[in-house]
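Notes follow once the structure below has been shown.
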Amino acid sequence: MVKIILVAGARPNFIKIAPLYQVLHQVPTVEVLLCHTGQHYDSNMSQVYFEELGIPEPDYNLGVNGGTHGWQTGQIMMRFDEVMEKEQPQCVIVVGDVNSTLACGLVAVKRGVKLVHVEAGLRSFDRSMPEEINRIVTDSIADLLFVSEKSGLKHLHDEGIPSEKVHFVGNVMIDSLVWNKARIHGQTILDDLSVKKENYAVVTLHRPSNVDDPVRFRELVNWLCDISKKVKIVWPVHPRTQKRMVADDFFQSLPENIIVTDPLGYLSFQKLISTARIVITDSGGVQEETTYLGIPCITLRRNTERPITIECGTNYLVGDDLTQATKLVDVFLNGKEKSSIIPDLWDGTTAERIVSILLERL
Ligand code: UD1
Ligand code: UDP
């Protein structure tokens, strides 16, 4: 029997571990334990994903809620080390690029336990983003690296990671989307919010570079108010952003055509973006999901670690240029979208590919 600990801490992690858990769980020679670090903890940022995606109650919840980056990373390391001491697994799997990914990855390798990184090799080349540091460090210490888009192969090669450790397997987050297509289709969120198919835009914002700086955030909110004169906006607000909006009394000043909600569950959110006219975001995962779904996406960032979504998907980077963003909104409202294709191996079978390679290598 091989004991594997699968780690997740933040919203995008839960969507990525769901298919991995389902496939690993069916292997008779594998015992899979789930460890939730507690980085995200509100029920609409955590529990809802477990319920909707069929992930069982975690075997461990480290309960590390909030805190500065250093405190959060350190606390997760200390608490995960105790789990490792008790369980003595042969392998730890981490996904994505959040602080939980880095913290648990470090603990695993310091104990000489095989570390697997799913969604390896993505690079924004912007070290002011905490995620970029998490990606670089995790990739440099992992034993097995699973890559979601081909840019990752080049970056890992350039950083001197031996090619035998690296496997291009496609996008595990898209597995969740493919597996749940029928359930997503049946969601009632459009009626619940009184919006009509292809007649609204969806907004998500949570990057510190957009929401932590009051001047930048005010500029973005003013811009959204302008855009809402042309198209109704649905904005499920991330907790980081909620804090900023409450602190500066933003909620009061929004026009009626901007519908703000709490973070939505996975199935409702996918339904909402799948019939949106436009998505406006700074999320990593949402850039990929809109590319898969063929929905135009405007990314309010200067760079992306997911260039495939621009090269062959539906994504456009506008950086700080809101004039350019307005032009794109007008283009999409006029129905002029670029043609796009679904990237290689984003086909709903990535988790199976990962587990089959993993079993050969353990
Ligand atoms: C984190 C990740 C980011 C990822 C995002 C996904 C890092 C460095 N950042 O950013 O890469 O894109 O998750 O959503 O790992 N909070 C709540 N309730 C929650 C979760 C968070 O109130 O359920 C609060 C925290 O207390 C904190 C703030 O929101 O004040 C930010 O949370 P944190 O996990 O530190 O960073 P995110 O911005 O969520
Ligand atoms: N998401 C969701 N409900 C929401 C907003 C987002 O279920 O209200 C999902 C969405 O599918 C997205 C995923 O959460 O891909 C990733 O979350 P986030 O944007 O917070 O993180 P990132 O991908 O930027 O790290």
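By convention here, the chains of the structure tokens are called A, B, ... in the order presented, each chain's residues are numbered starting at 1, and ligands are numbered starting at 1 in the order presented.
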Legend entry - DSSP strand (DSSP E or B) residues within stretch 68-243 of chain A, listed as a PyMOL selection string: chain A and resi 91-95+114-120+144-147+166-168+200-204+232-236
Inset, instruction - Could you please extract the residues within 8 Å of ligand 1, counting only C-alpha atoms and all ligand atoms, and hand them back as a ChimeraX atom specification? - result: /A:10-12,39-46,65-69,72,97-101,130-131,134,206-208,238-241,243,283-284
Grab the residues selected above and save them as a compact mmCIF listing (two decimals), in the first residue's frame with N, CA, C and O atoms.
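What ended up in selection38.txt:
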```
# COMPACT_ATOMS: atom_id res chain seq x y z
N ALA A 10 -6.76 26.59 -0.72
CA ALA A 10 -7.50 27.75 -1.21
C ALA A 10 -8.48 27.34 -2.31
O ALA A 10 -8.34 26.27 -2.90
N ARG A 11 -9.44 28.23 -2.58
CA ARG A 11 -10.53 27.91 -3.52
C ARG A 11 -10.08 27.19 -4.79
O ARG A 11 -10.63 26.12 -5.11
N PRO A 12 -9.08 27.74 -5.53
CA PRO A 12 -8.75 27.03 -6.78
C PRO A 12 -8.16 25.64 -6.53
O PRO A 12 -8.29 24.75 -7.38
N GLN A 39 -6.30 27.66 4.71
CA GLN A 39 -6.00 29.01 4.18
C GLN A 39 -7.29 29.74 3.80
O GLN A 39 -7.47 30.91 4.12
N HIS A 40 -8.18 29.06 3.09
CA HIS A 40 -9.53 29.59 2.88
C HIS A 40 -10.48 28.82 3.77
O HIS A 40 -10.38 27.60 3.89
N TYR A 41 -11.42 29.54 4.38
CA TYR A 41 -12.18 28.91 5.47
C TYR A 41 -13.66 29.26 5.48
O TYR A 41 -14.45 28.55 6.07
N ASP A 42 -14.07 30.37 4.85
CA ASP A 42 -15.52 30.65 4.79
C ASP A 42 -16.19 29.48 4.06
O ASP A 42 -15.58 28.90 3.15
N SER A 43 -17.44 29.21 4.40
CA SER A 43 -18.04 28.02 3.77
C SER A 43 -18.18 28.23 2.26
O SER A 43 -18.02 27.29 1.50
N ASN A 44 -18.40 29.49 1.82
CA ASN A 44 -18.51 29.67 0.36
C ASN A 44 -17.16 29.74 -0.36
O ASN A 44 -17.11 29.88 -1.58
N MET A 45 -16.07 29.67 0.39
CA MET A 45 -14.73 29.61 -0.22
C MET A 45 -14.12 28.21 -0.06
O MET A 45 -13.04 27.94 -0.57
N SER A 46 -14.80 27.33 0.69
CA SER A 46 -14.19 26.05 1.01
C SER A 46 -15.21 24.91 0.99
O SER A 46 -15.28 24.13 0.05
N ASN A 65 -5.93 30.13 9.39
CA ASN A 65 -6.79 31.12 8.72
C ASN A 65 -6.12 32.48 8.69
O ASN A 65 -5.76 33.02 9.73
N GLY A 66 -6.01 33.06 7.49
CA GLY A 66 -5.52 34.44 7.37
C GLY A 66 -4.06 34.61 7.75
O GLY A 66 -3.27 33.66 7.68
N GLY A 67 -3.69 35.83 8.16
CA GLY A 67 -2.31 36.11 8.58
C GLY A 67 -1.46 36.67 7.45
O GLY A 67 -1.85 36.64 6.29
N THR A 68 -0.28 37.16 7.83
CA THR A 68 0.66 37.64 6.80
C THR A 68 1.21 36.43 6.05
O THR A 68 1.07 35.28 6.52
N HIS A 69 1.87 36.68 4.94
CA HIS A 69 2.40 35.56 4.15
C HIS A 69 3.36 34.71 4.96
O HIS A 69 3.31 33.49 4.95
N GLN A 72 1.49 32.85 7.79
CA GLN A 72 0.64 31.79 7.23
C GLN A 72 1.50 30.60 6.75
O GLN A 72 1.22 29.45 7.06
N ASP A 97 -0.43 27.32 -6.93
CA ASP A 97 0.64 28.27 -6.61
C ASP A 97 0.38 29.10 -5.36
O ASP A 97 0.88 30.20 -5.22
N VAL A 98 -0.46 28.58 -4.46
CA VAL A 98 -0.78 29.40 -3.28
C VAL A 98 0.21 29.12 -2.15
O VAL A 98 1.06 28.23 -2.25
N ASN A 99 0.10 29.87 -1.05
CA ASN A 99 1.05 29.68 0.04
C ASN A 99 1.02 28.26 0.59
O ASN A 99 2.05 27.72 1.02
N SER A 100 -0.16 27.63 0.59
CA SER A 100 -0.26 26.25 1.08
C SER A 100 0.56 25.29 0.22
O SER A 100 1.12 24.31 0.73
N THR A 101 0.62 25.57 -1.07
CA THR A 101 1.38 24.74 -2.02
C THR A 101 2.86 24.73 -1.62
O THR A 101 3.50 23.69 -1.48
N PRO A 130 3.07 37.12 -5.22
CA PRO A 130 3.47 36.04 -4.30
C PRO A 130 3.41 34.67 -4.97
O PRO A 130 4.22 33.79 -4.69
N GLU A 131 2.48 34.51 -5.89
CA GLU A 131 2.31 33.20 -6.55
C GLU A 131 3.54 32.82 -7.37
O GLU A 131 3.86 31.64 -7.49
N ASN A 134 6.03 31.27 -5.16
CA ASN A 134 5.54 29.93 -4.79
C ASN A 134 5.77 28.93 -5.92
O ASN A 134 6.18 27.79 -5.69
N HIS A 206 -9.41 39.86 -7.35
CA HIS A 206 -8.85 39.61 -6.02
C HIS A 206 -7.34 39.79 -5.92
O HIS A 206 -6.76 39.59 -4.86
N ARG A 207 -6.67 40.13 -7.03
CA ARG A 207 -5.21 40.29 -6.95
C ARG A 207 -4.88 41.49 -6.07
O ARG A 207 -5.47 42.58 -6.26
N PRO A 208 -3.90 41.33 -5.17
CA PRO A 208 -3.49 42.48 -4.35
C PRO A 208 -3.17 43.71 -5.21
O PRO A 208 -3.51 44.85 -4.83
N HIS A 238 -14.81 38.45 -3.92
CA HIS A 238 -13.85 37.66 -3.13
C HIS A 238 -13.67 38.30 -1.75
O HIS A 238 -13.74 39.53 -1.62
N PRO A 239 -13.41 37.50 -0.70
CA PRO A 239 -13.28 38.08 0.65
C PRO A 239 -12.21 39.17 0.78
O PRO A 239 -12.40 40.15 1.51
N ARG A 240 -11.09 39.01 0.07
CA ARG A 240 -10.07 40.06 0.13
C ARG A 240 -10.66 41.39 -0.36
O ARG A 240 -10.45 42.45 0.23
N THR A 241 -11.43 41.30 -1.42
CA THR A 241 -12.02 42.48 -2.05
C THR A 241 -13.17 43.02 -1.19
O THR A 241 -13.36 44.23 -1.07
N LYS A 243 -13.31 42.96 1.96
CA LYS A 243 -12.73 43.74 3.08
C LYS A 243 -12.44 45.16 2.63
O LYS A 243 -12.73 46.12 3.34
N SER A 283 -8.30 36.64 -12.26
CA SER A 283 -8.09 35.28 -11.75
C SER A 283 -7.28 34.44 -12.72
O SER A 283 -7.41 34.58 -13.94
N GLY A 284 -6.47 33.53 -12.18
CA GLY A 284 -5.76 32.58 -13.04
C GLY A 284 -6.71 31.56 -13.63
O GLY A 284 -6.79 31.37 -14.85
```
Inset, instruction - Please give me, as a ChimeraX atom specification, the residues lying within 9 Å of ligand 2 when counting only C-alpha atoms and all ligand atoms. - result: /A:10-15,44-45,48-49,96-98,131,173,177,203-207,235-238,261-270,273,281-289
Inset, instruction - For A:Leu6, please output as a count of residues only all residues within 10 Å (counting only C-alpha atoms; exclusion window: fewer than 3 positions along the same chain). - result: 18
Legend entry - Residue set, stretch 141-245 of chain A restricted to alpha helix (DSSP H), as a PyMOL selection string: chain A and resi 141+151-158+172-179+181-185+189-193+208-211+214-227+239-245
Inset, instruction - Skip A:Glu164 itself and residues of its chain fewer than 4 positions away, then list as a list in words all residues within 12 Å of it, counting only C-alpha atoms. - result: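 Surrounding residues, per the criterion: Asp143, Leu144, Leu145, Phe146, Leu153, Leu156, His157, Gly160, Phe168, Ile357 and Arg361 of chain A.
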